[in-house]
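> Have a look at the structure that comes next, please.
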Amino acid sequence: MQGNFTYHNPTRLHFGEDAMQHLAGELKHYGPTVMLSYGGGSIKKNGIYDAVVAALKEAGKTVIEDAGVMPNPTYEKVQEGCRLVREHKVDLILAVGGGSTIDYAKAVSASAWCEEDAWEKYWVKQGWPTCPVVPIGAVLTMVGTGSEMNGGSVITNRKAGFKLGKVFGPDLYPQFTILNPRFTMTVPQYQMVAGFFDIMSHLMEQYFAGTADCTTDYLNEGLMRSLVHSTRIAARNPQDYEARANIMWTATWALNTLLKCGKGGDWEVHQIGHAIGLVTDATHGMTLATVSLPYYRLVMHDGLHQFVRFATHVWGVRPEGKTDEQVAEEGLKCLEAWMQEIGVVMHSRELGVTEENLQAVADAVLIFPVGYRTLTRDEVISILRQSM
Ligand code: NZQ
Ligand code: ZN
């Protein structure tokens, strides 16, 4: 185990088909005014909205409606939410949706009473809230990001020219989250599969770092194996409850800070993915899928021991009679075959990356010196070209 760490996660999870019965009880811990934040309306079609409103009524809350949180939420929308919080003196933000809605709720929570420029303070300078924050609760409807049990808040600011993540502290984790796998059954196949790859990417971003023999890596491998198994089932039959439930639970543990204990982390695939998302507004998980293989094939030689371990522990590659490079490459081939099997987008040109906007994407990529290799700009361009 590397370094020192403190592990604390305050989010109370209610998991399972009957999880919603806990919502009214959770709401009772907060003041009378609840801002109900949600996306483009899917919750009105699948009945989740009605169930949430019934619990809000049962708990005697005044509800402030805050609809229209878009995928890849924008800073403009965050400012709109902040105005609502101030105007109605909101006591709790209840985010009902996927990662975008929950990330947005965290951004509003930290920014509503902030007297400085919140974009500069949190996302550019990575500062911490010094103002009161509004507590958040969540009802998760789409699986992938892990936002239901972490402090991550990824916001797109087109004026500033960046899509940036800020990882807030435990005050901004959802205080509670309702996780009902049935709620995810209406997610369209494309979004569902993008979420599957997002989970895998979170696992790999944390796995491909460091050299220590670390318990955390064994936990990570267990989650990867479960994910591969259950996503193969769910991609063929999205209505398979057991597979969807396993995937939901895996996603939460994939990015709730457990897997970074005693480890570093990489996160360069996410930086490239965010830049593609900024320029094309493509679905987050698909942006990651298109750049992962070119990226890992490049850095494989710098972190060879871990790529060999990935191949043998996660994919069951037999190492006998092969060089380390051959074993590592076979592991990546297994990853590629799984991606094709579940049906992710393999080429970024399908997401809108072109020779014309390639430089703009590269300009928006933050390069972190933390993985097995610190990329040069030319390497970023080369990864993007190969991803097309
Ligand atoms: O807007 P609605 O109508 O809700 O539709 C959404 C949206 O169009 C739809 N959807 C969600 N639940 C549904 C459903 N449709 C039918 N039935 C349901 N039950 O799915 C679409 C995508 O939703 P979204 O919330 O955008 O997806 P996701 O959960 O993948 O979130 C993506 C955002 O999270 C950020 C990404 O960058 C992106 O902005 N991330 C957040 C992280 C974190 N907080 O730690 C880490 C991730 O790496 C990621 O960067
Ligand atoms: Zn992600």
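If you're wondering about the labels, chains in the structure tokens are A, B, ... by order shown, residues count from 1 in each chain, ligands from 1 in order shown.
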Which residues, written as a list of chain:residue names, have at least one atom at most 9 Å from Ala138 in chain A, with only C-alpha atoms counted and residues fewer than 6 positions away on the same chain left out?

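So, after excluding close chain neighbours, the residues are A:Ile93, A:Leu94, A:Ala95, A:Val96, A:Gly97, A:Ile102, A:Glu148, A:Pro174, A:Gln175, A:Phe176, A:Thr177, A:Ile178, A:Leu179.
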
> How would the residues just picked look written out with N, CA and C atoms as a compact mmCIF listing (two decimals), in the first residue's frame?


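Full text of selection_25.txt as output:
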# COMPACT_ATOMS: atom_id res chain seq x y z
N ILE A 93 -31.20 19.74 -2.04
CA ILE A 93 -31.35 19.51 -3.48
C ILE A 93 -31.51 18.01 -3.67
N LEU A 94 -32.64 17.61 -4.26
CA LEU A 94 -32.86 16.19 -4.53
C LEU A 94 -32.63 15.98 -6.03
N ALA A 95 -31.54 15.30 -6.36
CA ALA A 95 -31.17 15.08 -7.77
C ALA A 95 -31.72 13.73 -8.20
N VAL A 96 -32.56 13.74 -9.23
CA VAL A 96 -33.14 12.48 -9.71
C VAL A 96 -32.69 12.29 -11.15
N GLY A 97 -31.76 11.37 -11.38
CA GLY A 97 -31.25 11.18 -12.74
C GLY A 97 -29.93 10.45 -12.73
N ILE A 102 -26.71 14.61 -10.94
CA ILE A 102 -26.10 14.61 -9.59
C ILE A 102 -24.86 15.53 -9.57
N GLU A 148 -23.21 9.03 -7.49
CA GLU A 148 -24.14 8.77 -6.38
C GLU A 148 -23.43 8.61 -5.04
N PRO A 174 -23.62 13.05 -2.07
CA PRO A 174 -25.02 12.91 -1.68
C PRO A 174 -25.08 12.36 -0.24
N GLN A 175 -25.96 12.92 0.58
CA GLN A 175 -26.09 12.42 1.96
C GLN A 175 -26.73 11.04 1.94
N PHE A 176 -27.61 10.83 0.97
CA PHE A 176 -28.23 9.51 0.78
C PHE A 176 -28.49 9.31 -0.70
N THR A 177 -28.50 8.06 -1.12
CA THR A 177 -28.85 7.75 -2.52
C THR A 177 -29.75 6.53 -2.56
N ILE A 178 -30.79 6.63 -3.38
CA ILE A 178 -31.69 5.51 -3.62
C ILE A 178 -31.19 4.80 -4.89
N LEU A 179 -30.88 3.52 -4.76
CA LEU A 179 -30.36 2.73 -5.89
C LEU A 179 -31.33 1.59 -6.18

> Where does range 197-218 of chain A meet range 263-277 of chain A within 7 Å, residue by residue, with the nearest atom pair and distance in Å to one decimal for each, counting only C-alpha atoms, listed by chain and rising number, as JSON lines?


{"residue": "A:Glu205", "atom": "CA", "partner": "A:Asp266", "partner_atom": "CA", "distance": 5.1}
{"residue": "A:Gln206", "atom": "CA", "partner": "A:Gly265", "partner_atom": "CA", "distance": 4.6}
{"residue": "A:Phe208", "atom": "CA", "partner": "A:Asp266", "partner_atom": "CA", "distance": 6.6}
{"residue": "A:Ala209", "atom": "CA", "partner": "A:Gly265", "partner_atom": "CA", "distance": 5.2}
{"residue": "A:Gly210", "atom": "CA", "partner": "A:Gly264", "partner_atom": "CA", "distance": 6.0}

> Next, dump the selected residues to file, keeping only all heavy atoms, as an mmCIF file, in the first residue's frame.


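The resulting file, selection-v1.cif, is reproduced below:
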data_model
loop_
_atom_site.group_PDB
_atom_site.id
_atom_site.type_symbol
_atom_site.label_atom_id
_atom_site.label_comp_id
_atom_site.auth_asym_id
_atom_site.auth_seq_id
_atom_site.Cartn_x
_atom_site.Cartn_y
_atom_site.Cartn_z
ATOM 1 N N GLU A 205 -8.598 3.417 -14.864
ATOM 2 C CA GLU A 205 -7.864 4.650 -14.536
ATOM 3 C C GLU A 205 -7.165 4.519 -13.178
ATOM 4 O O GLU A 205 -6.101 5.086 -12.957
ATOM 5 C CB GLU A 205 -8.822 5.853 -14.482
ATOM 6 C CG GLU A 205 -9.479 6.205 -15.810
ATOM 7 C CD GLU A 205 -8.677 7.168 -16.665
ATOM 8 O OE1 GLU A 205 -7.437 7.156 -16.573
ATOM 9 O OE2 GLU A 205 -9.297 7.923 -17.444
ATOM 10 N N GLN A 206 -7.805 3.781 -12.270
ATOM 11 C CA GLN A 206 -7.224 3.641 -10.928
ATOM 12 C C GLN A 206 -6.263 2.452 -10.850
ATOM 13 O O GLN A 206 -5.353 2.419 -10.036
ATOM 14 C CB GLN A 206 -8.339 3.514 -9.899
ATOM 15 C CG GLN A 206 -9.175 4.802 -9.808
ATOM 16 C CD GLN A 206 -10.476 4.613 -9.039
ATOM 17 O OE1 GLN A 206 -10.573 4.977 -7.880
ATOM 18 N NE2 GLN A 206 -11.470 4.034 -9.684
ATOM 19 N N PHE A 208 -4.312 1.255 -13.462
ATOM 20 C CA PHE A 208 -3.051 1.467 -14.184
ATOM 21 C C PHE A 208 -2.269 2.635 -13.584
ATOM 22 O O PHE A 208 -2.150 3.712 -14.167
ATOM 23 C CB PHE A 208 -3.309 1.667 -15.670
ATOM 24 C CG PHE A 208 -3.762 0.399 -16.349
ATOM 25 C CD1 PHE A 208 -4.992 0.342 -16.992
ATOM 26 C CD2 PHE A 208 -2.967 -0.738 -16.308
ATOM 27 C CE1 PHE A 208 -5.414 -0.838 -17.596
ATOM 28 C CE2 PHE A 208 -3.386 -1.922 -16.908
ATOM 29 C CZ PHE A 208 -4.618 -1.968 -17.545
ATOM 30 N N ALA A 209 -1.772 2.410 -12.395
ATOM 31 C CA ALA A 209 -0.958 3.398 -11.685
ATOM 32 C C ALA A 209 -0.212 2.657 -10.598
ATOM 33 O O ALA A 209 -0.731 1.704 -10.035
ATOM 34 C CB ALA A 209 -1.853 4.469 -11.070
ATOM 35 N N GLY A 210 0.991 3.098 -10.316
ATOM 36 C CA GLY A 210 1.752 2.539 -9.203
ATOM 37 C C GLY A 210 2.389 1.197 -9.521
ATOM 38 O O GLY A 210 2.127 0.585 -10.569
#

> Could I get the residue neighbourhood of ligand 2 at 7 Å, counting only C-alpha atoms and all ligand atoms, as a ChimeraX atom specification?

/A:145,198-199,201-202,270,284-285

> Would you save the residues of that selection, restricted to C-alpha atoms, as a JSON list (two decimals), in the first residue's frame?


[["chain", "number", "residue", "atom", "x", "y", "z"],
["A", 145, "THR", "CA", -20.41, 7.68, -13.22],
["A", 198, "ASP", "CA", -17.51, 4.39, -18.09],
["A", 199, "ILE", "CA", -17.43, 1.95, -15.15],
["A", 201, "SER", "CA", -12.73, 3.12, -17.45],
["A", 202, "HIS", "CA", -12.98, 4.23, -13.81],
["A", 270, "HIS", "CA", -10.83, 10.90, -18.94],
["A", 284, "HIS", "CA", -19.16, 10.54, -21.88],
["A", 285, "GLY", "CA", -18.66, 6.75, -21.82]]

> Might you pull out every residue within 10 Å of Ser348 in chain A, with only C-alpha atoms counted and same-chain residues fewer than 2 positions away left off, and present them as a list of chain:residue names?

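Residues near the query, excluding close chain neighbours: A:Gly273, A:Ile276, A:Thr280, A:Ala282, A:Met286, A:Thr287, A:Leu288, A:Ala289, A:Thr290, A:Val291, A:Val345, A:Met346, A:Glu350, A:Leu351, A:Gly352, A:Val353, A:Thr354, A:Leu384, A:Arg385, A:Gln386, A:Ser387, A:Met388.
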
> With C-alpha atoms retained, could you export that selection as a short mmCIF file (atom, residue, chain, number, x, y, z; two decimals), in the first residue's frame?


data_model
loop_
_atom_site.label_atom_id
_atom_site.label_comp_id
_atom_site.auth_asym_id
_atom_site.auth_seq_id
_atom_site.Cartn_x
_atom_site.Cartn_y
_atom_site.Cartn_z
CA GLY A 273 -12.59 12.06 -23.25
CA ILE A 276 -13.91 15.28 -27.04
CA THR A 280 -18.68 17.37 -29.80
CA ALA A 282 -20.77 13.27 -27.25
CA MET A 286 -18.36 6.58 -25.62
CA THR A 287 -15.67 9.26 -25.69
CA LEU A 288 -13.63 7.10 -23.30
CA ALA A 289 -14.20 3.97 -25.36
CA THR A 290 -12.77 5.52 -28.51
CA VAL A 291 -9.47 6.64 -26.97
CA VAL A 345 -18.52 3.10 -30.22
CA MET A 346 -14.96 2.26 -31.32
CA GLU A 350 -18.67 8.58 -35.19
CA LEU A 351 -18.83 11.01 -32.25
CA GLY A 352 -17.95 14.01 -34.43
CA VAL A 353 -14.15 14.18 -34.19
CA THR A 354 -12.75 15.32 -37.55
CA LEU A 384 -6.83 11.15 -31.25
CA ARG A 385 -5.93 10.25 -34.87
CA GLN A 386 -5.82 6.54 -34.01
CA SER A 387 -9.15 6.87 -32.17
CA MET A 388 -10.89 8.14 -35.32
#

> Name each residue within 8 Å of ligand 1, counting only C-alpha atoms and all ligand atoms, as a PyMOL selection string.

chain A and resi 38-43+46+68-73+96-103+140-148+150-156+163+165+167+183-188+191-192+194-195+198+202+255+270+274+277+283-285

> Just to confirm, what's the straight-line distance from CA of Ala234 in chain A to CA of Met204 in chain A in Å (one decimal)?

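A separation of 20.6 Å between them.
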